[in-house]
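Note: the block below is protein-v6.txt and it holds compact mmCIF, C-alpha atoms.
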```
# COMPACT_ATOMS: atom_id res chain seq x y z
CA MET A 1 9.00 18.04 11.85
CA THR A 2 7.66 19.06 8.47
CA LEU A 3 4.21 20.12 9.67
CA ASN A 4 5.61 23.23 11.33
CA ASN A 5 2.35 25.13 11.54
CA LEU A 6 0.08 22.26 12.47
CA ARG A 7 -2.07 23.32 15.41
CA GLU A 8 -4.93 20.83 15.56
CA TYR A 9 -5.40 17.12 15.02
CA VAL A 10 -9.04 16.12 15.07
CA ARG A 11 -10.91 12.84 14.76
CA PRO A 12 -14.53 13.60 13.94
CA ASP A 13 -16.97 10.78 14.60
CA ARG A 14 -19.47 11.92 11.94
CA LEU A 15 -18.86 12.38 8.24
CA ASP A 16 -20.79 15.67 8.11
CA MET A 17 -18.58 17.05 10.90
CA ALA A 18 -15.47 16.12 8.93
CA LEU A 19 -16.84 17.82 5.82
CA SER A 20 -17.83 20.99 7.65
CA LEU A 21 -14.27 21.25 9.00
CA VAL A 22 -12.88 20.76 5.49
CA LYS A 23 -15.15 23.50 4.17
CA LYS A 24 -14.42 25.86 7.05
CA LYS A 25 -10.65 25.50 7.02
CA GLY A 26 -10.12 25.26 3.27
CA ARG A 27 -6.55 24.60 2.16
CA SER A 28 -5.20 24.94 5.70
CA ALA A 29 -6.82 21.59 6.58
CA ARG A 30 -6.12 18.13 5.19
CA VAL A 31 -8.09 14.93 5.44
CA ILE A 32 -5.90 11.96 6.27
CA GLY A 33 -6.19 8.21 6.08
CA GLY A 34 -2.69 6.86 6.77
CA GLY A 35 -1.14 10.32 6.62
CA ILE A 36 2.06 9.08 4.94
CA ASP A 37 2.36 11.77 2.29
CA LEU A 38 1.95 14.57 4.81
CA VAL A 39 4.74 13.25 7.01
CA ARG A 40 7.07 12.77 4.06
CA GLY A 41 6.50 16.17 2.51
CA SER A 42 6.91 19.72 3.77
CA SER A 43 3.52 21.30 4.31
CA PRO A 44 3.84 24.66 6.09
CA GLU A 45 0.34 25.74 5.02
CA ILE A 46 -1.37 22.97 6.99
CA GLU A 47 -2.87 23.98 10.34
CA MET A 48 -5.35 21.17 10.89
CA LEU A 49 -5.43 17.45 10.17
CA ILE A 50 -8.77 15.67 9.98
CA ASP A 51 -8.28 11.98 10.71
CA LEU A 52 -11.10 9.81 9.33
CA SER A 53 -10.26 6.77 11.47
CA HIS A 54 -13.32 7.15 13.75
CA LEU A 55 -15.83 7.07 10.88
CA SER A 56 -16.05 3.27 10.51
CA LEU A 57 -14.71 3.43 6.97
CA SER A 58 -12.37 0.44 7.34
CA TYR A 59 -14.05 -2.52 5.63
CA VAL A 60 -14.01 -4.79 2.60
CA ARG A 61 -17.48 -6.09 1.71
CA GLN A 62 -18.76 -8.36 -1.00
CA THR A 63 -21.96 -6.82 -2.40
CA ASP A 64 -24.15 -7.74 -5.36
CA LYS A 65 -22.50 -4.90 -7.30
CA GLY A 66 -18.95 -5.96 -6.53
CA ILE A 67 -16.42 -5.41 -3.76
CA ALA A 68 -16.90 -2.29 -1.63
CA ILE A 69 -13.76 -0.97 0.09
CA GLY A 70 -13.96 1.73 2.78
CA ALA A 71 -11.69 4.75 2.43
CA THR A 72 -9.60 4.16 5.56
CA THR A 73 -9.01 0.46 4.86
CA THR A 74 -5.28 -0.20 4.66
CA LEU A 75 -3.70 -1.88 1.66
CA THR A 76 -2.81 -4.85 3.89
CA GLU A 77 -6.43 -5.22 5.00
CA ILE A 78 -7.48 -5.31 1.35
CA LEU A 79 -4.70 -7.77 0.52
CA GLU A 80 -5.85 -10.12 3.27
CA ALA A 81 -9.59 -9.80 2.65
CA PRO A 82 -11.19 -13.10 1.51
CA ALA A 83 -13.50 -11.19 -0.86
CA VAL A 84 -10.52 -9.81 -2.78
CA GLU A 85 -8.58 -13.06 -2.98
CA ASN A 86 -10.55 -14.53 -5.87
CA TYR A 87 -11.68 -11.32 -7.55
CA LEU A 88 -10.70 -11.68 -11.23
CA GLN A 89 -8.24 -14.50 -10.53
CA GLY A 90 -6.56 -12.58 -7.70
CA VAL A 91 -5.32 -9.66 -9.81
CA VAL A 92 -5.79 -7.11 -6.99
CA VAL A 93 -3.82 -9.26 -4.54
CA GLU A 94 -1.05 -9.73 -7.10
CA MET A 95 -0.82 -5.97 -7.65
CA LEU A 96 -0.90 -5.09 -3.93
CA HIS A 97 2.00 -7.46 -3.23
CA GLN A 98 4.04 -5.19 -5.50
CA VAL A 99 3.16 -1.95 -3.71
CA GLY A 100 6.09 -1.04 -1.46
CA ALA A 101 6.76 -3.32 1.50
CA PRO A 102 4.63 -4.49 4.46
CA PRO A 103 5.38 -1.46 6.72
CA LEU A 104 4.05 0.87 4.03
CA ARG A 105 1.04 -1.28 3.14
CA ASN A 106 0.08 -1.48 6.82
CA LEU A 107 -0.28 2.30 6.89
CA ALA A 108 -1.38 3.39 3.43
CA SER A 109 -5.16 3.75 3.09
CA MET A 110 -7.35 3.16 0.07
CA GLY A 111 -8.78 6.69 0.07
CA GLY A 112 -5.39 8.30 0.59
CA THR A 113 -3.88 6.30 -2.25
CA LEU A 114 -6.56 7.49 -4.68
CA ALA A 115 -6.59 11.08 -3.39
CA SER A 116 -2.80 11.44 -3.56
CA ALA A 117 -2.93 10.47 -7.25
CA HIS A 118 0.77 9.66 -7.48
CA PRO A 119 1.70 9.16 -11.14
CA TRP A 120 3.49 5.90 -10.35
CA SER A 121 0.59 4.44 -8.36
CA ASP A 122 0.12 0.73 -9.07
CA VAL A 123 -3.31 0.83 -7.43
CA ILE A 124 -4.63 3.57 -9.71
CA THR A 125 -3.36 1.88 -12.89
CA LEU A 126 -5.16 -1.35 -12.05
CA PHE A 127 -8.29 0.26 -10.59
CA LEU A 128 -8.74 2.36 -13.74
CA VAL A 129 -8.66 -0.77 -15.87
CA LEU A 130 -11.10 -2.48 -13.50
CA GLY A 131 -13.55 0.41 -13.90
CA ALA A 132 -13.54 1.27 -10.19
CA GLN A 133 -16.24 3.61 -8.91
CA VAL A 134 -15.51 6.12 -6.16
CA THR A 135 -18.07 7.40 -3.67
CA LEU A 136 -17.56 11.07 -2.84
CA TYR A 137 -19.29 12.86 0.01
CA ASP A 138 -19.92 16.59 -0.36
CA GLY A 139 -23.08 16.73 1.74
CA VAL A 140 -24.60 13.87 -0.22
CA LYS A 141 -22.91 10.72 -1.41
CA GLU A 142 -22.30 10.44 -5.12
CA MET A 143 -20.64 7.60 -7.01
CA VAL A 144 -18.38 8.58 -9.91
CA PRO A 145 -16.05 6.54 -12.11
CA LEU A 146 -12.45 6.82 -10.95
CA SER A 147 -11.49 7.71 -14.52
CA ASP A 148 -13.84 10.73 -14.46
CA LEU A 149 -12.31 11.91 -11.21
CA TYR A 150 -8.86 12.12 -12.75
CA ALA A 151 -9.99 13.15 -16.23
CA SER A 152 -11.81 16.21 -14.94
CA ARG A 153 -9.23 16.82 -12.21
CA VAL A 154 -12.06 17.42 -9.78
CA LEU A 155 -10.44 18.58 -6.58
CA LEU A 156 -11.23 16.30 -3.69
CA SER A 157 -11.72 19.27 -1.42
CA PRO A 158 -14.38 19.99 -0.32
CA ALA A 159 -15.49 16.41 -0.91
CA ILE A 160 -14.32 13.32 0.97
CA ILE A 161 -13.73 9.89 -0.58
CA THR A 162 -15.70 7.39 1.49
CA GLU A 163 -15.66 4.19 -0.58
CA VAL A 164 -14.35 2.49 -3.69
CA LEU A 165 -16.31 -0.15 -5.59
CA LEU A 166 -14.62 -2.79 -7.70
CA PRO A 167 -17.45 -3.85 -10.01
CA ALA A 168 -18.51 -7.47 -10.40
CA TYR A 169 -17.73 -8.93 -13.83
CA ALA A 170 -19.40 -11.54 -15.99
CA LYS A 171 -17.82 -14.94 -16.50
CA GLY A 172 -15.28 -14.79 -19.29
CA THR A 173 -13.60 -11.68 -17.91
CA ALA A 174 -9.95 -11.64 -16.87
CA ALA A 175 -7.46 -8.93 -15.92
CA ALA A 176 -3.71 -8.69 -15.43
CA PHE A 177 -1.25 -6.16 -14.01
CA MET A 178 2.47 -5.66 -14.57
CA LYS A 179 4.98 -3.41 -12.88
CA PHE A 180 8.52 -2.59 -13.97
CA SER A 181 10.78 -1.23 -11.23
CA ARG A 182 14.45 -1.40 -10.23
CA THR A 183 13.62 -3.33 -7.07
CA LYS A 184 10.36 -4.71 -5.77
CA PHE A 185 10.25 -2.03 -3.09
CA ASP A 186 10.88 0.78 -5.55
CA ILE A 187 8.15 2.74 -7.27
CA ALA A 188 7.31 1.86 -10.85
CA ILE A 189 9.35 2.96 -13.84
CA LEU A 190 6.20 1.98 -15.65
CA ASN A 191 3.15 -0.12 -14.89
CA CYS A 192 0.26 -1.33 -17.00
CA ALA A 193 -2.93 -3.34 -16.75
CA CYS A 194 -5.43 -4.97 -19.10
CA LEU A 195 -8.98 -6.28 -18.78
CA VAL A 196 -10.70 -8.41 -21.40
CA LEU A 197 -14.18 -9.95 -21.65
CA ILE A 198 -14.48 -12.84 -24.08
CA GLN A 199 -17.93 -13.91 -25.32
CA ASN A 200 -18.52 -16.56 -27.98
CA GLY A 201 -14.79 -16.78 -28.54
CA ASN A 202 -14.34 -13.10 -29.37
CA CYS A 203 -13.31 -10.08 -27.38
CA LYS A 204 -16.43 -8.15 -26.40
CA ARG A 205 -14.85 -5.63 -24.03
CA ALA A 206 -11.26 -4.55 -23.50
CA ARG A 207 -9.42 -1.93 -21.48
CA VAL A 208 -5.72 -1.15 -21.43
CA THR A 209 -4.05 1.33 -19.07
CA ALA A 210 -0.45 2.45 -18.57
CA GLY A 211 0.88 4.48 -15.62
CA GLY A 212 4.13 5.98 -14.42
CA THR A 213 4.81 7.19 -17.94
CA PRO A 214 5.76 9.24 -15.80
CA ARG A 215 2.30 10.82 -15.82
CA LEU A 216 -0.68 9.47 -13.90
CA ALA A 217 -2.14 6.30 -15.36
CA ALA A 218 -4.28 6.84 -18.44
CA PRO A 219 -6.35 4.53 -20.61
CA LEU A 220 -5.05 3.48 -24.04
CA PRO A 221 -8.37 3.22 -25.93
CA GLU A 222 -6.78 2.68 -29.35
CA ALA A 223 -4.95 -0.39 -28.09
CA ALA A 224 -8.12 -1.79 -26.54
CA GLU A 225 -10.08 -1.14 -29.74
CA VAL A 226 -7.70 -3.36 -31.73
CA LEU A 227 -8.97 -6.34 -29.75
CA LEU A 228 -12.71 -5.79 -30.06
CA GLY A 229 -14.61 -8.45 -32.05
CA ARG A 230 -11.44 -10.54 -32.48
CA LYS A 231 -10.04 -13.67 -30.91
CA LEU A 232 -7.43 -13.05 -28.25
CA ASN A 233 -4.40 -14.69 -29.85
CA GLN A 234 -0.76 -13.91 -30.56
CA THR A 235 -1.64 -11.80 -33.60
CA SER A 236 -4.24 -9.58 -31.95
CA ILE A 237 -2.17 -9.31 -28.76
CA GLY A 238 0.91 -8.27 -30.73
CA GLU A 239 -1.07 -5.67 -32.68
CA ALA A 240 -2.63 -4.24 -29.51
CA ALA A 241 0.80 -4.01 -27.88
CA GLU A 242 2.17 -2.23 -30.97
CA VAL A 243 -0.65 0.31 -30.87
CA ALA A 244 -0.10 0.79 -27.12
CA ARG A 245 3.57 1.50 -27.79
CA GLU A 246 2.73 4.07 -30.45
CA THR A 247 -0.08 5.86 -28.62
CA THR A 248 1.22 6.08 -25.05
CA VAL A 249 2.38 9.56 -24.12
CA VAL A 250 5.79 9.10 -22.46
CA ARG A 251 8.66 11.32 -21.43
CA ASP A 252 12.05 11.18 -19.73
CA ASP A 253 12.60 11.54 -16.00
CA LEU A 254 15.24 10.42 -13.49
CA ARG A 255 14.00 6.81 -13.58
CA ALA A 256 13.99 6.14 -17.30
CA SER A 257 13.96 7.69 -20.76
CA GLY A 258 10.74 8.09 -22.68
CA ASN A 259 11.99 5.69 -25.34
CA TYR A 260 12.71 3.02 -22.76
CA ARG A 261 9.23 3.51 -21.30
CA ARG A 262 7.72 3.13 -24.77
CA GLU A 263 9.37 -0.29 -25.09
CA LEU A 264 8.16 -1.22 -21.60
CA VAL A 265 4.60 -0.35 -22.61
CA TYR A 266 4.91 -2.77 -25.53
CA ALA A 267 6.37 -5.56 -23.39
CA GLY A 268 3.99 -4.94 -20.48
CA VAL A 269 0.79 -4.85 -22.53
CA LYS A 270 1.87 -7.94 -24.46
CA ARG A 271 2.60 -9.85 -21.24
CA CYS A 272 -0.62 -8.69 -19.57
CA LEU A 273 -2.75 -9.73 -22.54
CA THR A 274 -0.92 -13.05 -22.81
CA CYS A 275 -1.57 -13.63 -19.12
CA VAL A 276 -5.26 -12.78 -19.62
CA SER A 277 -5.43 -15.16 -22.58
CA THR A 278 -3.89 -17.97 -20.53
CA GLN A 279 -6.32 -17.35 -17.67
CA LEU A 280 -9.32 -17.39 -19.97
CA SER A 281 -8.25 -20.50 -21.87
CA GLY A 282 -7.58 -22.24 -18.52
CA ALA A 283 -11.01 -21.23 -17.24
CA SER A 284 -12.78 -22.57 -20.32
CA GLN A 285 -11.18 -26.03 -20.06
CA MET B 286 -2.42 17.74 22.76
CA ASN B 287 -2.72 14.64 24.95
CA ILE B 288 -2.87 11.07 23.77
CA CYS B 289 -3.12 7.73 25.50
CA LEU B 290 -0.61 5.22 24.20
CA THR B 291 0.26 1.72 25.30
CA VAL B 292 3.96 1.04 24.72
CA ASN B 293 5.23 -2.48 25.39
CA GLY B 294 2.19 -3.20 27.53
CA LYS B 295 2.46 -0.02 29.60
CA LYS B 296 -0.41 2.46 29.19
CA GLN B 297 0.71 6.09 29.29
CA GLU B 298 -0.78 9.59 28.94
CA ILE B 299 1.49 11.71 26.78
CA ASP B 300 1.60 15.38 25.89
CA LEU B 301 2.85 16.05 22.37
CA ALA B 302 2.75 18.46 19.44
CA PRO B 303 0.15 17.49 16.79
CA GLY B 304 2.86 17.09 14.13
CA ASP B 305 5.17 14.82 16.14
CA THR B 306 5.99 11.51 14.52
CA LEU B 307 5.80 8.28 16.47
CA LEU B 308 9.55 7.82 15.88
CA HIS B 309 10.43 11.06 17.64
CA LEU B 310 7.95 10.47 20.42
CA LEU B 311 9.20 6.95 21.18
CA ARG B 312 12.85 8.00 21.21
CA ARG B 313 11.98 10.96 23.45
CA MET B 314 10.27 8.47 25.78
CA GLY B 315 13.52 6.50 25.94
CA TYR B 316 12.81 3.68 23.51
CA LYS B 317 16.16 4.02 21.74
CA GLY B 318 15.79 0.61 20.08
CA VAL B 319 13.63 2.49 17.59
CA LYS B 320 16.33 3.75 15.23
CA LYS B 321 16.25 6.98 13.30
CA GLY B 322 17.33 6.19 9.75
CA CYS B 323 16.08 7.71 6.53
CA GLU B 324 12.95 9.30 8.04
CA SER B 325 11.18 8.77 4.73
CA GLY B 326 9.85 5.24 5.07
CA ASP B 327 12.56 3.60 2.99
CA CYS B 328 14.99 1.90 5.39
CA GLY B 329 12.81 0.28 8.07
CA ALA B 330 15.24 1.06 10.93
CA CYS B 331 12.43 2.75 12.87
CA ALA B 332 9.95 -0.13 12.49
CA VAL B 333 7.61 -0.87 15.40
CA LEU B 334 4.46 -2.93 15.77
CA LEU B 335 1.30 -0.84 15.82
CA ASP B 336 -1.53 -3.08 17.04
CA GLY B 337 0.60 -6.04 15.98
CA ARG B 338 1.43 -4.86 12.45
CA VAL B 339 4.81 -3.55 11.38
CA VAL B 340 4.90 0.14 10.44
CA ASN B 341 7.63 2.69 9.86
CA SER B 342 7.29 4.92 12.92
CA CYS B 343 8.84 7.81 10.98
CA LEU B 344 5.72 7.84 8.78
CA VAL B 345 3.18 7.63 11.60
CA LEU B 346 1.88 10.79 13.19
CA ALA B 347 2.03 10.10 16.93
CA ALA B 348 -1.47 11.52 17.30
CA LYS B 349 -2.71 8.76 15.01
CA ALA B 350 -1.51 6.17 17.53
CA ASP B 351 -3.84 7.56 20.23
CA GLY B 352 -5.59 4.66 21.92
CA HIS B 353 -3.44 2.05 20.18
CA CYS B 354 -0.71 -0.39 21.25
CA VAL B 355 2.90 -0.03 20.19
CA THR B 356 5.58 -2.69 20.58
CA THR B 357 9.23 -1.77 20.18
CA VAL B 358 12.18 -4.14 20.08
CA GLU B 359 12.55 -3.62 23.85
CA GLY B 360 9.13 -5.17 24.37
CA LEU B 361 9.28 -8.09 21.93
CA ALA B 362 9.87 -10.74 24.59
CA GLY B 363 6.77 -9.60 26.44
CA GLN B 364 5.84 -7.56 29.46
CA ASP B 365 7.87 -8.20 32.65
CA LYS B 366 10.31 -10.48 30.85
CA VAL B 367 13.43 -8.52 31.67
CA GLY B 368 16.56 -10.16 30.31
CA GLU B 369 14.64 -12.62 28.16
CA LEU B 370 14.65 -12.69 24.39
CA HIS B 371 11.92 -13.33 21.85
CA PRO B 372 12.67 -16.43 19.70
CA VAL B 373 13.39 -14.10 16.77
CA GLN B 374 15.91 -12.13 18.84
CA GLN B 375 17.47 -15.38 20.10
CA ALA B 376 17.80 -16.70 16.54
CA PHE B 377 19.38 -13.45 15.31
CA LEU B 378 21.91 -13.76 18.14
CA GLU B 379 22.69 -17.43 17.55
CA GLN B 380 22.93 -17.13 13.76
CA GLY B 381 25.10 -14.02 13.83
CA ALA B 382 22.48 -12.14 11.84
CA VAL B 383 23.84 -8.85 13.14
CA GLN B 384 26.79 -6.83 11.96
CA CYS B 385 26.63 -3.14 12.87
CA GLY B 386 23.21 -3.80 14.34
CA TYR B 387 21.48 -0.61 13.24
CA CYS B 388 18.90 -2.38 11.08
CA SER B 389 18.42 -5.29 13.49
CA PRO B 390 15.58 -3.93 15.67
CA GLY B 391 13.45 -3.03 12.64
CA MET B 392 14.30 -6.30 10.91
CA MET B 393 13.27 -8.32 13.98
CA ILE B 394 10.05 -6.35 14.35
CA ALA B 395 9.19 -7.11 10.70
CA ALA B 396 10.01 -10.77 11.28
CA VAL B 397 7.71 -10.96 14.30
CA ASP B 398 4.82 -9.53 12.28
CA LEU B 399 5.54 -11.97 9.46
CA LEU B 400 5.62 -15.03 11.74
CA ALA B 401 2.48 -13.94 13.59
CA HIS B 402 0.55 -14.03 10.32
CA ASN B 403 2.49 -16.75 8.51
CA PRO B 404 4.06 -19.23 10.96
CA ASN B 405 5.62 -21.35 8.23
CA PRO B 406 6.98 -18.97 5.59
CA THR B 407 9.06 -19.96 2.59
CA ASP B 408 12.40 -18.21 2.09
CA GLN B 409 10.74 -16.08 -0.58
CA GLU B 410 8.01 -15.06 1.86
CA ILE B 411 10.66 -14.23 4.48
CA LYS B 412 12.45 -12.03 1.96
CA GLU B 413 9.17 -10.31 1.14
CA GLY B 414 8.43 -9.91 4.84
CA ILE B 415 11.67 -8.01 5.43
CA SER B 416 11.66 -6.23 2.07
CA GLY B 417 11.03 -2.93 3.84
CA ASN B 418 14.20 -3.26 5.93
CA LEU B 419 17.53 -2.28 4.44
CA CYS B 420 20.82 -3.72 5.72
CA ARG B 421 23.99 -2.11 4.39
CA CYS B 422 26.47 -4.53 6.05
CA THR B 423 25.28 -8.02 5.26
CA GLY B 424 23.70 -9.82 2.34
CA TYR B 425 20.49 -10.69 4.21
CA VAL B 426 21.47 -14.38 4.19
CA LYS B 427 21.95 -14.68 7.95
CA GLN B 428 18.75 -12.78 8.69
CA VAL B 429 16.71 -15.07 6.45
CA GLU B 430 18.30 -18.11 8.14
CA ALA B 431 17.59 -16.68 11.58
CA ILE B 432 13.93 -16.03 10.76
CA ARG B 433 13.56 -19.53 9.32
CA ILE B 434 15.03 -21.04 12.50
CA ALA B 435 12.89 -18.81 14.73
CA ALA B 436 9.81 -19.92 12.79
CA GLU B 437 10.70 -23.58 13.36
CA LYS B 438 11.23 -23.03 17.08
CA MET B 439 8.03 -21.05 17.45
CA ARG B 440 6.05 -23.74 15.64
CA LYS B 441 7.46 -26.37 17.96
CA GLY B 442 6.86 -24.08 20.92
CA THR B 443 10.27 -24.85 22.38
CA ASP B 444 11.25 -21.27 22.98
CA VAL B 445 7.89 -19.69 23.70
```

Take the structure from the file and write it as structure tokens.
Amino acid sequence: MTLNNLREYVRPDRLDMALSLVKKKGRSARVIGGGIDLVRGSSPEIEMLIDLSHLSLSYVRQTDKGIAIGATTTLTEILEAPAVENYLQGVVVEMLHQVGAPPLRNLASMGGTLASAHPWSDVITLFLVLGAQVTLYDGVKEMVPLSDLYASRVLLSPAIITEVLLPAYAKGTAAAFMKFSRTKFDIAILNCACLVLIQNGNCKRARVTAGGTPRLAAPLPEAAEVLLGRKLNQTSIGEAAEVARETTVVRDDLRASGNYRRELVYAGVKRCLTCVSTQLSGASQ
Amino acid sequence: MNICLTVNGKKQEIDLAPGDTLLHLLRRMGYKGVKKGCESGDCGACAVLLDGRVVNSCLVLAAKADGHCVTTVEGLAGQDKVGELHPVQQAFLEQGAVQCGYCSPGMMIAAVDLLAHNPNPTDQEIKEGISGNLCRCTGYVKQVEAIRIAAEKMRKGTDV
């Protein structure tokens, strides 16, 4: 057992009760969704676990603003939700199929995945490109962009993630995700995602993100900027991929060298943008 | 702490430490079909059904299973069906999809979850369904065949 000093396991049935326990216990308490990371790691400082499973935060809802996903919803529940199936040509479903294997997806929660902030996370790479919004509860609920959460490194304690919103997009928007790993089950050597909005034949909005570099996913604004105001074709896609290769911050680790990762960024961004281009040209026919 | 857990259809009150994993609890309770492998969620030897979905019991805090239903390989055929086999177990036996047998319980559990949600899977979907289960003896060929045959039998209802 790795939780040697764990004394209490509680399941509050009100969000304010959960938060007051988090505030009272500080770093000796942890909020859990699936709880996977805690079981895998050694955490002698933890004395209390606060399980959110009685807070009715397991849901996937289609709203006028987009798709709202509760924090304790498992990755499988998201994968199987009808609302997610057709969201941006099924890009979320395609990504989730590449996250581990069914036993892991049946346990891992949405909130836990975002709070853990693993650098190789496929979910975070795609959700950053999709402009996901996270609802945090620290006495009041506040919605913040997922990118701000990681950019400012705001500690989740003493706030609790309650919901994630995948925003609705205008017609003409498409997104793609790509993961490079040794096996499908393995974590990513590198992953990347792109989102493009085409209006009147030209690119009006673009986002490009790469993760597992091996740092946490980060946007590549220079690569996205290459596309703005231009047609999405082989030339612009190639140039954007080149800029992505040059601007991504990479380094070596046990999975791959930084140089190899740099080449993967080029290949991944090029393939993602080509996929987006194909989707958009198919949709316009 | 005390939890209430239903294992293979039998509801039980259990006293445990808050940090116990479901794997350790089930083996302590005598369900030795739940195998202890990597204990890090990689091999799938400890797989059980939690409310009908396959999970690695080494990654589940037992306290989290309070009030839920667990099915181990011993309970796949159903409650009070002593000596009977689930169609997936029968197919594994008939196809010789077992070598050392250590991965087999977890593999069959994953297959049962797959077939419950996808009764007519392609070979690719079968491979994806058991992608969380490692077998170090075989090449997965016999297991995929066994699951395909079990799926056919279950669709026809001949062995159910």

Using Å and a single decimal, report how far CA of Ile198 in chain A sits from CA of Ala168 in chain A.
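Separation between CA of Ala168 in chain A and CA of Ile198 in chain A: 15.2 Å.
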
Proximity check range 38-58 of chain A to range 296-316 of chain B, 9 Å, nearest pairs one decimal Å, all atoms listed in the file, as JSON lines:
```
{"residue": "A:Val39", "atom": "CA", "partner": "B:Thr306", "partner_atom": "CA", "distance": 7.8}
{"residue": "A:Met48", "atom": "CA", "partner": "B:Pro303", "partner_atom": "CA", "distance": 8.9}
{"residue": "A:Leu49", "atom": "CA", "partner": "B:Pro303", "partner_atom": "CA", "distance": 8.7}
```

Mind listing as a count of residues only which residues of chain A are within 10 Å of chain B, counting all atoms listed in the file?
42

Straight-line distance linking CA of Ala431 in chain B with CA of Gln374 in chain B, stated in Å to one decimal
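Distance between the two atoms: 8.7 Å.
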
Could you tell me how far CA of Glu263 in chain A sits from CA of Phe180 in chain A, in Å to one decimal place?
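Value for the CA of Phe180 in chain A-CA of Glu263 in chain A distance: 11.4 Å.
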
Once you add 3 Å to each side, what are the centre and edge lengths of the axis-aligned box holding all listed atoms of range 102-119 of chain A? One decimal in Å, as lines of an AutoDock Vina configuration file, if you can.
```
center_x = -1.7
center_y = 3.5
center_z = -2.1
size_x = 20.2
size_y = 21.9
size_z = 24.0
```

Point (-9.3, -9.1, -30.1) neighbourhood (9 Å, all atoms listed in the file) written as a list in words
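Checked against the point, the hits come out as Val196, Ile198, Asn202, Cys203, Lys204, Arg205, Ala206, Ala224, Glu225, Val226, Leu227, Leu228, Gly229, Arg230, Lys231, Leu232, Asn233, Thr235, Ser236, Ile237 and Ala240 of chain A.
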
Using only C-alpha atoms, pick whichever of B:Ile434, B:Ala401, B:Ala350, B:Cys388 has the shortest atom-to-atom distance to Val292 in chain B.
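Under the stated criterion, the closest residue is B:Ala350.
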
Restricting the calculation to all atoms listed in the file, which member of A:Lys179, A:Gln234, A:Ala210, A:Gly268 is positioned closest to Val249 in chain A?
A:Ala210

Can you work out which one of A:Lys25, A:Arg182, A:Arg207, A:Arg245 has the shortest atom-to-atom distance to Leu273 in chain A, counting all atoms listed in the file?
A:Arg207

Polymer residues at most 8 Å from Phe377 in chain B, only C-alpha atoms, same-chain spacing of 4 or more positions, as a PDB file with C-alpha atoms, in the frame of the given file:
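The file below, selection27.pdb, is the result:
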```
ATOM      1  CA  VAL B 373      13.390 -14.100  16.770  1.00  0.00           C
ATOM      2  CA  GLY B 381      25.100 -14.020  13.830  1.00  0.00           C
ATOM      3  CA  ALA B 382      22.480 -12.140  11.840  1.00  0.00           C
ATOM      4  CA  VAL B 383      23.840  -8.850  13.140  1.00  0.00           C
ATOM      5  CA  LYS B 427      21.950 -14.680   7.950  1.00  0.00           C
ATOM      6  CA  GLN B 428      18.750 -12.780   8.690  1.00  0.00           C
ATOM      7  CA  ALA B 431      17.590 -16.680  11.580  1.00  0.00           C
ATOM      8  CA  ILE B 432      13.930 -16.030  10.760  1.00  0.00           C
TER       9      ILE B 432
END
```

Contacts of range 404-411 of chain B at 10 Å (all atoms listed in the file; same-chain gap of 6+ positions) as a ChimeraX atom specification
/B:395-398,428-430,432-433,435-437,439-440

Just the residues within 9 Å of Gly139 in chain A, please, counting only C-alpha atoms, with nothing from its chain fewer than 5 positions along; format it as a ChimeraX atom specification.
/A:15-16,19-20,159

For Val265 in chain A, find every residue with an atom within 12 Å (counting only C-alpha atoms), except residues of its own chain fewer than 3 positions away, and show them as a PyMOL selection string.
chain A and resi 177-180+189-194+208-214+217+220+223+238+240-250+258-262+268-273
